[in-house]
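Participant: Below is the file structure.csv, which contains CSV, C-alpha atoms.
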chain,number,residue,atom,x,y,z
A,206,MET,CA,0.0,0.0,0.0
A,207,SER,CA,1.4,3.4,-1.0
A,208,ARG,CA,2.4,5.5,1.9
A,209,GLN,CA,1.5,8.6,-0.1
A,210,LEU,CA,-2.2,7.8,-0.3
A,211,PRO,CA,-4.0,8.2,3.0
A,212,LEU,CA,-6.6,5.5,3.8
A,213,LEU,CA,-10.2,6.5,3.9
A,214,ASP,CA,-10.5,6.2,7.6
A,215,GLN,CA,-7.2,8.0,8.2
A,216,PRO,CA,-7.7,11.6,7.3
A,217,PRO,CA,-4.7,13.4,5.8
A,218,ARG,CA,-2.3,14.3,8.6
A,219,GLU,CA,-2.8,18.1,8.1
A,220,ARG,CA,-6.6,17.9,8.3
A,221,SER,CA,-6.4,15.7,11.4
A,222,ASP,CA,-4.0,18.2,13.0
A,223,ALA,CA,-6.3,21.1,12.1
A,224,ALA,CA,-9.3,19.3,13.7
A,225,ARG,CA,-7.3,18.5,16.9
A,226,ASN,CA,-6.1,22.1,17.0
A,227,ARG,CA,-9.7,23.4,16.6
A,228,GLU,CA,-11.0,21.1,19.3
A,229,ALA,CA,-8.2,22.2,21.7
A,230,LEU,CA,-9.2,25.8,21.1
A,231,LEU,CA,-12.9,25.1,21.6
A,232,ALA,CA,-12.1,23.1,24.7
A,233,ALA,CA,-10.1,26.0,26.1
A,234,ALA,CA,-13.0,28.4,25.3
A,235,ALA,CA,-15.5,26.1,26.9
A,236,ARG,CA,-13.4,26.0,30.1
A,237,LEU,CA,-13.3,29.8,30.1
A,238,VAL,CA,-17.1,29.9,29.7
A,239,GLU,CA,-17.6,27.4,32.6
A,240,GLU,CA,-15.2,29.1,35.0
A,241,GLN,CA,-15.6,32.8,34.2
A,242,GLY,CA,-18.6,33.2,31.9
A,243,VAL,CA,-19.1,34.1,28.2
A,244,ASP,CA,-17.8,37.7,28.6
A,245,ALA,CA,-14.4,36.3,29.6
A,246,VAL,CA,-14.0,34.6,26.2
A,247,THR,CA,-11.9,36.7,23.9
A,248,MET,CA,-9.5,35.7,21.1
A,249,ASP,CA,-6.7,36.7,23.5
A,250,SER,CA,-7.9,34.7,26.5
A,251,VAL,CA,-8.6,31.6,24.4
A,252,ALA,CA,-5.1,31.8,22.9
A,253,THR,CA,-3.6,32.1,26.4
A,254,GLU,CA,-5.7,29.3,27.9
A,255,ALA,CA,-4.8,27.0,24.9
A,256,GLY,CA,-1.1,28.0,25.0
A,257,VAL,CA,-1.1,29.2,21.3
A,258,GLY,CA,-0.6,32.5,19.6
A,259,LYS,CA,-3.6,34.8,19.0
A,260,GLY,CA,-3.0,34.4,15.2
A,261,THR,CA,-3.9,30.7,15.5
A,262,VAL,CA,-7.2,31.5,17.1
A,263,PHE,CA,-8.1,34.0,14.3
A,264,ARG,CA,-7.0,31.5,11.6
A,265,ARG,CA,-9.4,28.9,12.9
A,266,PHE,CA,-12.4,31.1,13.7
A,267,ASP,CA,-12.1,34.4,11.8
A,268,SER,CA,-13.7,36.4,14.6
A,269,ARG,CA,-15.0,36.2,18.2
A,270,GLU,CA,-18.4,35.8,16.7
A,271,GLY,CA,-17.3,32.8,14.7
A,272,LEU,CA,-15.7,31.3,17.8
A,273,MET,CA,-19.0,31.7,19.7
A,274,GLY,CA,-20.9,30.1,16.9
A,275,ALA,CA,-18.6,27.1,16.9
A,276,LEU,CA,-18.8,26.9,20.7
A,277,LEU,CA,-22.6,26.9,20.5
A,278,ASN,CA,-22.6,23.9,18.2
A,279,ARG,CA,-20.1,22.0,20.3
A,280,SER,CA,-22.0,22.7,23.5
A,281,GLU,CA,-25.3,21.4,22.1
A,282,THR,CA,-23.7,18.3,20.6
A,283,GLU,CA,-21.9,17.5,23.9
A,284,TRP,CA,-25.1,18.0,25.9
A,285,GLN,CA,-27.0,15.6,23.5
A,286,ALA,CA,-24.3,13.0,24.0
A,287,LEU,CA,-24.7,13.3,27.8
A,288,VAL,CA,-28.4,12.8,27.5
A,289,ILE,CA,-28.0,9.8,25.2
A,290,SER,CA,-25.1,8.0,26.9
A,291,GLY,CA,-23.8,10.0,29.8
A,292,PRO,CA,-24.0,9.2,33.5
A,293,PRO,CA,-27.4,9.1,35.3
A,294,PRO,CA,-29.7,10.8,36.2
A,295,LEU,CA,-29.4,12.8,32.9
A,296,GLY,CA,-28.2,9.8,31.0
A,297,PRO,CA,-29.7,6.3,31.0
A,298,GLY,CA,-29.9,4.2,34.2
A,299,ALA,CA,-32.0,6.3,36.5
A,300,PRO,CA,-35.9,6.1,36.8
A,301,ALA,CA,-37.6,8.0,34.1
A,302,ILE,CA,-39.0,10.6,36.5
A,303,GLU,CA,-35.5,11.4,37.8
A,304,ARG,CA,-34.2,11.6,34.3
A,305,LEU,CA,-37.0,14.0,33.4
A,306,HIS,CA,-36.2,16.4,36.2
A,307,ALA,CA,-32.5,16.2,35.5
A,308,PHE,CA,-33.2,16.8,31.8
A,309,GLY,CA,-35.2,20.0,32.5
A,310,HIS,CA,-32.7,21.4,35.0
A,311,SER,CA,-29.7,20.8,32.7
A,312,ARG,CA,-31.6,22.2,29.7
A,313,MET,CA,-32.3,25.4,31.7
A,314,GLU,CA,-28.6,25.8,32.5
A,315,LEU,CA,-27.6,25.0,28.9
A,316,ASN,CA,-30.1,27.5,27.5
A,317,LEU,CA,-29.0,30.3,29.8
A,318,THR,CA,-25.4,29.8,28.7
A,319,HIS,CA,-26.6,29.5,25.1
A,320,ALA,CA,-28.5,32.7,25.3
A,321,GLU,CA,-25.3,34.5,26.1
A,322,LEU,CA,-23.3,32.6,23.4
A,323,ILE,CA,-26.0,33.5,20.8
A,324,ARG,CA,-25.8,37.2,21.9
A,325,ALA,CA,-22.1,37.1,21.6
A,326,ALA,CA,-22.1,35.2,18.3
A,327,GLY,CA,-24.3,37.8,16.6
A,328,ARG,CA,-25.2,36.5,13.1
A,329,ALA,CA,-22.9,33.5,13.5
A,330,GLY,CA,-25.1,32.0,16.2
A,331,SER,CA,-28.6,30.7,15.8
A,332,ARG,CA,-30.1,27.7,17.4
A,333,SER,CA,-30.7,25.0,14.9
A,334,TYR,CA,-34.1,23.4,14.9
A,335,SER,CA,-32.5,20.0,15.3
A,336,ALA,CA,-31.5,21.1,18.8
A,337,VAL,CA,-35.2,21.8,19.6
A,338,SER,CA,-36.4,18.6,18.0
A,339,PHE,CA,-33.8,16.4,19.8
A,340,ALA,CA,-35.1,17.8,23.1
A,341,ALA,CA,-38.7,17.3,22.1
A,342,MET,CA,-38.0,13.7,21.0
A,343,HIS,CA,-36.3,12.9,24.3
A,344,MET,CA,-39.1,14.5,26.3
A,345,ARG,CA,-41.7,12.5,24.4
A,346,TYR,CA,-39.7,9.3,25.2
A,347,LEU,CA,-39.6,10.1,28.9
A,348,LEU,CA,-43.3,11.0,29.1
A,349,SER,CA,-44.3,7.7,27.4
A,350,GLU,CA,-42.0,5.8,29.8
A,351,LEU,CA,-43.9,7.5,32.6
A,352,GLY,CA,-47.2,6.3,31.3
A,353,VAL,CA,-48.4,9.8,30.4
A,354,ARG,CA,-51.4,9.7,28.2
A,355,GLY,CA,-52.6,12.3,25.8
A,356,ASP,CA,-51.0,14.4,23.0
A,357,LEU,CA,-47.4,13.7,23.9
A,358,HIS,CA,-46.2,16.0,21.0
A,359,PHE,CA,-48.0,19.0,22.6
A,360,LEU,CA,-47.1,18.1,26.2
A,361,ALA,CA,-43.4,17.8,25.3
A,362,THR,CA,-43.6,21.2,23.6
A,363,ALA,CA,-45.4,22.6,26.6
A,364,LEU,CA,-42.8,21.3,29.1
A,365,LEU,CA,-40.0,22.6,26.9
A,366,ALA,CA,-41.5,26.0,26.2
A,367,PRO,CA,-40.8,27.6,29.6
A,368,LEU,CA,-37.2,26.5,29.2
A,369,GLU,CA,-36.9,28.4,25.9
A,370,MET,CA,-34.2,31.0,26.1
A,371,VAL,CA,-36.5,34.0,25.7
A,372,VAL,CA,-38.8,32.9,28.5
A,373,LEU,CA,-35.9,31.9,30.8
A,374,VAL,CA,-34.0,35.1,30.2
A,375,GLN,CA,-37.2,37.1,31.0
A,376,GLN,CA,-37.6,35.1,34.3
A,377,THR,CA,-34.1,35.1,35.6
A,378,ARG,CA,-32.5,38.3,34.2
A,379,VAL,CA,-35.5,40.7,33.9
A,380,ASP,CA,-37.8,39.5,36.7
A,381,ALA,CA,-34.7,38.5,38.7
A,382,ILE,CA,-36.3,35.2,39.9
A,383,PRO,CA,-33.6,32.9,41.2
A,384,LEU,CA,-32.9,29.9,38.9
A,385,ASP,CA,-33.6,27.5,41.8
A,386,SER,CA,-37.2,28.9,42.0
A,387,VAL,CA,-37.7,28.5,38.3
A,388,LYS,CA,-36.4,24.9,38.6
A,389,ALA,CA,-38.8,24.2,41.5
A,390,GLY,CA,-41.7,25.7,39.5
A,391,TRP,CA,-40.9,23.5,36.6
A,392,ASP,CA,-40.7,20.4,38.8
A,393,ASP,CA,-44.2,21.2,40.1
A,394,LEU,CA,-45.4,21.6,36.5
A,395,VAL,CA,-43.9,18.1,35.7
A,396,ARG,CA,-45.6,16.7,38.7
A,397,ARG,CA,-49.0,18.0,37.4
A,398,VAL,CA,-48.4,16.6,33.9
A,399,VAL,CA,-47.4,13.1,35.1
A,400,CYS,CA,-50.0,13.1,37.9
A,401,PRO,CA,-51.6,9.5,37.9
A,402,GLU,CA,-55.1,10.9,38.4
A,403,VAL,CA,-55.0,12.7,35.0
A,404,ASN,CA,-53.3,9.7,33.2
A,405,ARG,CA,-55.7,6.9,34.2
A,406,PRO,CA,-56.4,4.5,31.3
A,407,VAL,CA,-59.9,5.1,29.9
B,101,MET,CA,-64.3,81.5,28.2
B,102,SER,CA,-62.2,82.3,25.2
B,103,ARG,CA,-63.1,80.2,22.1
B,104,GLN,CA,-59.5,80.4,21.0
B,105,LEU,CA,-58.2,78.4,24.0
B,106,PRO,CA,-59.1,74.7,23.8
B,107,LEU,CA,-60.2,73.1,27.0
B,108,LEU,CA,-57.9,70.5,28.5
B,109,ASP,CA,-60.4,67.7,27.7
B,110,GLN,CA,-61.1,69.1,24.2
B,111,PRO,CA,-58.0,68.5,22.0
B,112,PRO,CA,-57.4,71.1,19.3
B,113,ARG,CA,-59.7,70.4,16.3
B,114,GLU,CA,-56.8,69.6,14.0
B,115,ARG,CA,-55.2,67.0,16.4
B,116,SER,CA,-58.6,65.4,17.0
B,117,ASP,CA,-59.2,65.1,13.3
B,118,ALA,CA,-55.8,63.6,12.8
B,119,ALA,CA,-56.5,61.0,15.5
B,120,ARG,CA,-59.9,60.1,14.0
B,121,ASN,CA,-58.2,59.9,10.6
B,122,ARG,CA,-55.5,57.6,11.9
B,123,GLU,CA,-58.0,55.4,13.7
B,124,ALA,CA,-60.1,55.1,10.5
B,125,LEU,CA,-57.1,54.0,8.6
B,126,LEU,CA,-56.1,51.5,11.3
B,127,ALA,CA,-59.6,50.1,11.4
B,128,ALA,CA,-59.6,49.7,7.6
B,129,ALA,CA,-56.2,47.9,7.8
B,130,ALA,CA,-57.5,45.7,10.7
B,131,ARG,CA,-60.6,44.7,8.5
B,132,LEU,CA,-58.2,43.7,5.7
B,133,VAL,CA,-56.1,41.6,8.1
B,134,GLU,CA,-59.2,39.8,9.4
B,135,GLU,CA,-60.7,39.2,6.0
B,136,GLN,CA,-57.7,38.6,3.8
B,137,GLY,CA,-54.6,38.2,6.0
B,138,VAL,CA,-51.6,40.3,6.6
B,139,ASP,CA,-50.2,40.0,3.1
B,140,ALA,CA,-53.2,41.8,1.7
B,141,VAL,CA,-52.4,44.9,3.6
B,142,THR,CA,-50.6,47.4,1.5
B,143,MET,CA,-50.6,51.2,1.5
B,144,ASP,CA,-52.8,51.0,-1.6
B,145,SER,CA,-55.3,48.5,-0.3
B,146,VAL,CA,-55.7,50.4,3.0
B,147,ALA,CA,-56.3,53.7,1.1
B,148,THR,CA,-58.9,52.0,-1.0
B,149,GLU,CA,-60.6,50.3,2.0
B,150,ALA,CA,-60.7,53.6,3.9
B,151,GLY,CA,-61.7,55.6,0.9
B,152,VAL,CA,-58.8,58.1,1.0
B,153,GLY,CA,-55.8,58.8,-1.2
B,154,LYS,CA,-52.6,56.8,-0.9
B,155,GLY,CA,-50.8,60.0,0.1
B,156,THR,CA,-52.9,60.2,3.3
B,157,VAL,CA,-51.8,56.7,4.4
B,158,PHE,CA,-48.2,57.6,3.8
B,159,ARG,CA,-48.5,60.9,5.7
B,160,ARG,CA,-49.9,59.0,8.8
B,161,PHE,CA,-47.6,56.0,8.8
B,162,ASP,CA,-44.5,56.8,6.7
B,163,SER,CA,-44.3,53.2,5.4
B,164,ARG,CA,-46.0,49.8,5.4
B,165,GLU,CA,-43.7,48.8,8.2
B,166,GLY,CA,-44.9,51.8,10.3
B,167,LEU,CA,-48.5,50.9,9.5
B,168,MET,CA,-47.9,47.3,10.7
B,169,GLY,CA,-46.2,48.6,13.9
B,170,ALA,CA,-49.2,50.8,14.7
B,171,LEU,CA,-51.6,47.9,13.8
B,172,LEU,CA,-49.8,45.7,16.3
B,173,ASN,CA,-50.2,48.1,19.2
B,174,ARG,CA,-53.8,48.7,18.3
B,175,SER,CA,-54.5,45.0,18.1
B,176,GLU,CA,-52.9,44.2,21.5
B,177,THR,CA,-54.7,47.1,23.2
B,178,GLU,CA,-58.1,46.0,21.8
B,179,TRP,CA,-57.5,42.5,22.9
B,180,GLN,CA,-56.6,43.6,26.4
B,181,ALA,CA,-59.9,45.6,26.5
B,182,LEU,CA,-61.9,42.5,25.4
B,183,VAL,CA,-60.3,40.5,28.2
B,184,ILE,CA,-61.0,43.1,30.8
B,185,SER,CA,-64.5,44.2,29.9
B,186,GLY,CA,-65.6,42.4,26.7
B,187,PRO,CA,-68.3,39.8,26.4
B,188,PRO,CA,-67.9,36.4,28.1
B,189,PRO,CA,-66.3,33.9,28.1
B,190,LEU,CA,-63.2,35.9,27.3
B,191,GLY,CA,-64.5,38.8,29.3
B,192,PRO,CA,-66.0,38.7,32.8
B,193,GLY,CA,-69.2,36.9,33.5
B,194,ALA,CA,-68.3,33.3,32.7
B,195,PRO,CA,-66.9,30.7,35.1
B,196,ALA,CA,-63.1,31.0,35.6
B,197,ILE,CA,-62.3,27.7,33.8
B,198,GLU,CA,-64.2,28.8,30.7
B,199,ARG,CA,-62.5,32.2,30.8
B,200,LEU,CA,-59.2,30.4,31.0
B,201,HIS,CA,-59.8,28.2,27.9
B,202,ALA,CA,-61.2,31.2,26.0
B,203,PHE,CA,-58.2,33.3,27.0
B,204,GLY,CA,-55.7,30.7,25.8
B,205,HIS,CA,-57.5,30.1,22.5
B,206,SER,CA,-57.9,33.8,21.7
B,207,ARG,CA,-54.2,34.5,22.7
B,208,MET,CA,-53.1,31.8,20.2
B,209,GLU,CA,-55.1,33.4,17.4
B,210,LEU,CA,-53.8,36.8,18.3
B,211,ASN,CA,-50.2,35.7,18.5
B,212,LEU,CA,-50.4,34.0,15.1
B,213,THR,CA,-51.6,37.2,13.6
B,214,HIS,CA,-49.1,39.2,15.5
B,215,ALA,CA,-46.3,36.9,14.3
B,216,GLU,CA,-47.2,38.0,10.8
B,217,LEU,CA,-47.6,41.6,11.7
B,218,ILE,CA,-44.2,41.6,13.4
B,219,ARG,CA,-42.6,40.0,10.4
B,220,ALA,CA,-44.2,42.6,8.1
B,221,ALA,CA,-43.3,45.5,10.5
B,222,GLY,CA,-39.6,44.7,10.5
B,223,ARG,CA,-37.9,47.0,12.9
B,224,ALA,CA,-41.0,48.9,13.6
B,225,GLY,CA,-42.6,45.9,15.3
B,226,SER,CA,-41.6,44.3,18.5
B,227,ARG,CA,-43.8,43.0,21.2
B,228,SER,CA,-43.7,45.2,24.3
B,229,TYR,CA,-43.1,43.5,27.6
B,230,SER,CA,-46.3,45.1,28.9
B,231,ALA,CA,-48.2,42.8,26.5
B,232,VAL,CA,-46.6,39.7,28.0
B,233,SER,CA,-47.0,41.0,31.6
B,234,PHE,CA,-50.7,41.8,31.1
B,235,ALA,CA,-51.3,38.2,29.9
B,236,ALA,CA,-49.3,36.8,32.8
B,237,MET,CA,-51.2,38.9,35.3
B,238,HIS,CA,-54.5,37.9,33.9
B,239,MET,CA,-53.5,34.2,33.9
B,240,ARG,CA,-52.4,34.4,37.6
B,241,TYR,CA,-55.8,35.9,38.4
B,242,LEU,CA,-57.7,33.1,36.7
B,243,LEU,CA,-55.5,30.4,38.3
B,244,SER,CA,-56.1,31.8,41.8
B,245,GLU,CA,-59.8,32.0,41.1
B,246,LEU,CA,-59.6,28.3,40.2
B,247,GLY,CA,-58.0,27.5,43.5
B,248,VAL,CA,-54.7,26.5,42.0
B,249,ARG,CA,-52.0,26.3,44.6
B,250,GLY,CA,-48.2,26.6,44.1
B,251,ASP,CA,-46.0,29.1,42.3
B,252,LEU,CA,-48.6,30.9,40.3
B,253,HIS,CA,-46.0,33.2,38.8
B,254,PHE,CA,-44.2,30.2,37.2
B,255,LEU,CA,-47.4,28.3,36.4
B,256,ALA,CA,-48.7,31.4,34.5
B,257,THR,CA,-45.5,31.6,32.6
B,258,ALA,CA,-45.6,27.9,31.8
B,259,LEU,CA,-49.2,28.1,30.5
B,260,LEU,CA,-48.3,31.1,28.3
B,261,ALA,CA,-45.0,29.8,27.0
B,262,PRO,CA,-46.5,27.3,24.5
B,263,LEU,CA,-48.6,30.2,23.2
B,264,GLU,CA,-45.5,32.3,22.5
B,265,MET,CA,-45.2,33.2,18.8
B,266,VAL,CA,-42.0,31.3,18.2
B,267,VAL,CA,-43.4,28.1,19.6
B,268,LEU,CA,-46.8,28.5,18.0
B,269,VAL,CA,-45.3,29.3,14.6
B,270,GLN,CA,-43.1,26.2,14.8
B,271,GLN,CA,-46.1,24.0,15.7
B,272,THR,CA,-48.6,25.3,13.1
B,273,ARG,CA,-46.4,26.5,10.2
B,274,VAL,CA,-43.3,24.3,10.4
B,275,ASP,CA,-44.7,21.1,11.9
B,276,ALA,CA,-48.1,21.7,10.1
B,277,ILE,CA,-50.1,20.8,13.2
B,278,PRO,CA,-53.7,22.0,12.9
B,279,LEU,CA,-54.5,24.9,15.2
B,280,ASP,CA,-57.4,23.0,16.7
B,281,SER,CA,-55.0,20.2,17.8
B,282,VAL,CA,-52.8,22.7,19.5
B,283,LYS,CA,-55.8,24.2,21.2
B,284,ALA,CA,-56.9,20.7,22.4
B,285,GLY,CA,-53.4,20.0,23.6
B,286,TRP,CA,-53.3,23.3,25.5
B,287,ASP,CA,-56.8,22.5,27.1
B,288,ASP,CA,-55.4,19.2,28.3
B,289,LEU,CA,-52.4,21.0,29.8
B,290,VAL,CA,-54.8,23.4,31.6
B,291,ARG,CA,-56.8,20.4,32.9
B,292,ARG,CA,-53.6,18.9,34.4
B,293,VAL,CA,-52.5,22.2,36.0
B,294,VAL,CA,-55.9,22.8,37.6
B,295,CYS,CA,-56.5,19.1,38.5
B,296,PRO,CA,-58.0,19.1,42.1
B,297,GLU,CA,-55.8,16.1,43.1
B,298,VAL,CA,-52.6,18.2,42.7
B,299,ASN,CA,-54.2,21.4,44.3
B,300,ARG,CA,-55.4,19.9,47.5
B,301,PRO,CA,-54.8,22.2,50.5
B,302,VAL,CA,-52.0,20.8,52.7
Take the structure in the file and give it back as structure tokens.
Facilitator:
Amino acid sequence: MSRQLPLLDQPPRERSDAARNREALLAAAARLVEEQGVDAVTMDSVATEAGVGKGTVFRRFDSREGLMGALLNRSETEWQALVISGPPPLGPGAPAIERLHAFGHSRMELNLTHAELIRAAGRAGSRSYSAVSFAAMHMRYLLSELGVRGDLHFLATALLAPLEMVVLVQQTRVDAIPLDSVKAGWDDLVRRVVCPEVNRPV
Amino acid sequence: MSRQLPLLDQPPRERSDAARNREALLAAAARLVEEQGVDAVTMDSVATEAGVGKGTVFRRFDSREGLMGALLNRSETEWQALVISGPPPLGPGAPAIERLHAFGHSRMELNLTHAELIRAAGRAGSRSYSAVSFAAMHMRYLLSELGVRGDLHFLATALLAPLEMVVLVQQTRVDAIPLDSVKAGWDDLVRRVVCPEVNRPV
């Protein structure tokens, strides 16, 4: 086999280096978001955190907006992976009702971070519908596991709607309601939706 | 009393004519929206419907966007007046549970029209927060009338969230779910929230 021709499952060395490089920069940016918030993420701070020159960050992402857009995609994908195969109670292995509560709480935290990333990303950032439909699909699955009867499509939409960024930002930032109160309110809503009395077989 | 000085409660004749003129144009535009939809509303069609020259419409609203913005405010204000003092079941006089269902259904219809008006209004149109807070206030009132216990602030937000324009447009336009199914789903959600079993006094 010729050493000059890369195998199909072995990307050319340069491309694979670029991908690793990009991932290292995004991981550094994600650490900064987690530790210091979205505002702390600049092309400079990411370069320092990743131990590379600022020029490298610009070569990979063009602008802070571009970096924020890439960070947004990575964050959503990582979260979906945690829901599908991460540790319980968000991932599989816990009772469905515990998974449902964990799912709502972690979606709230994710959406609040994403609201800031989208603001910082400007035109580069918009939530893809696949993100919303993944969440709705998972919600329908958990509701059916819990024996909830009715229009599960609508009920999933209704349970996700108060977690939407615009509603959550209004509650926590504008109305200054503590996130823990919003979580408790949502837990109570879940309790009402899964309440056995309203889900008795007919 | 001098005839030259207008009384405080009698606006100058020219201003009052202008206001009447403006209201006649908005009423004509609202009829067009109701009968033929938002796309049918142009500066021309409003002029024809109101029986005035096109120049008059431009003088009052500058642009189609400006007209749409004014229409949006008028529509929200009219709807609030119907909720506060219009005929039942939306207005007072019907049992609270009937008012709640009527409120949700009419809010859905209003928001779907408003979504189109906002799109057509471009920068001139954005929903004021007072619109959202009026709806939340009324929802809390109806929930407390129904003996619902718990965090009424959050429950009101949660019942309004699936009626938000972005969620409703996704359901009816993108997912092509008939509005009647969305209404039925929402009615079921209301039933779960007001369910006596989850609202028993402790």
Participant: Please, what distance in Å, to one decimal, runs between CA of Gly137 (chain B) and CA of Val372 (chain A)?
Facilitator: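 Distance reported for this atom pair: 28.0 Å.
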Participant: Could you jot down the CA of Asn316 (chain A) to CA of Glu369 (chain A) separation for me, Å, one decimal place?
Facilitator: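 A separation of 7.0 Å between them.
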Participant: Do a neighbour search on Ser311 (chain A) at 12 Å with all atoms listed in the file, toss out local chain neighbours closer than 2 positions, and write the hits as a list in words.
Facilitator: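 Counting only the stated atoms, we get Glu281, Trp284, Gln285, Leu287, Val288, Pro294, Leu295, Gly296, Arg304, Leu305, His306, Ala307, Phe308, Gly309, Met313, Glu314, Leu315, Asn316, Leu317, Thr318, His319, Ala340, Leu365, Leu368, Leu384, Asp385 and Lys388 of chain A.
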Participant: Taking all atoms listed in the file into account, report as a count of residues only which residues of chain B lie within 8 Å of chain A.
Facilitator: 20
Participant: Name the residues in contact with Ala320 (chain A) at a cut-off of 8 Å, using all atoms listed in the file, excluding same-chain residues fewer than 4 positions from it; report them as an mmCIF file with C-alpha atoms, in the frame of the given file.
Facilitator:
data_model
loop_
_atom_site.group_PDB
_atom_site.id
_atom_site.type_symbol
_atom_site.label_atom_id
_atom_site.label_comp_id
_atom_site.auth_asym_id
_atom_site.auth_seq_id
_atom_site.Cartn_x
_atom_site.Cartn_y
_atom_site.Cartn_z
ATOM 1 C CA ASN A 316 -30.100 27.500 27.500
ATOM 2 C CA ARG A 324 -25.800 37.200 21.900
ATOM 3 C CA MET A 370 -34.200 31.000 26.100
ATOM 4 C CA VAL A 374 -34.000 35.100 30.200
#
Participant: Give me, please, the distance in Å between CA of Ile302 (chain A) and CA of Glu321 (chain A), quoted to one decimal.
Facilitator: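 Answer for the CA of Ile302 (chain A) to CA of Glu321 (chain A) separation: 29.4 Å.
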Participant: Would you compute, for all listed atoms of region 293-306 of chain A, the axis-aligned bounding box grown by 6 Å on each side, and then report its centre and edge lengths in Å rounded to one decimal, as JSON?
Facilitator:
{"center_x": -33.2, "center_y": 10.3, "center_z": 34.4, "size_x": 23.6, "size_y": 24.2, "size_z": 18.8}
Participant: Restricting the calculation to all atoms listed in the file: of A:Met344, A:Val246, A:Ala234, A:Ala381, which residue gets closest to Ser280 (chain A)?
Facilitator: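 For Ser280 (chain A), the nearest of the candidates is A:Ala234.
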Participant: Please identify all polymer residues within 12 Å of Pro301 (chain B), counting all atoms listed in the file, omitting same-chain residues fewer than 6 positions from it, and present them as a ChimeraX atom specification.
Facilitator: /B:247-250
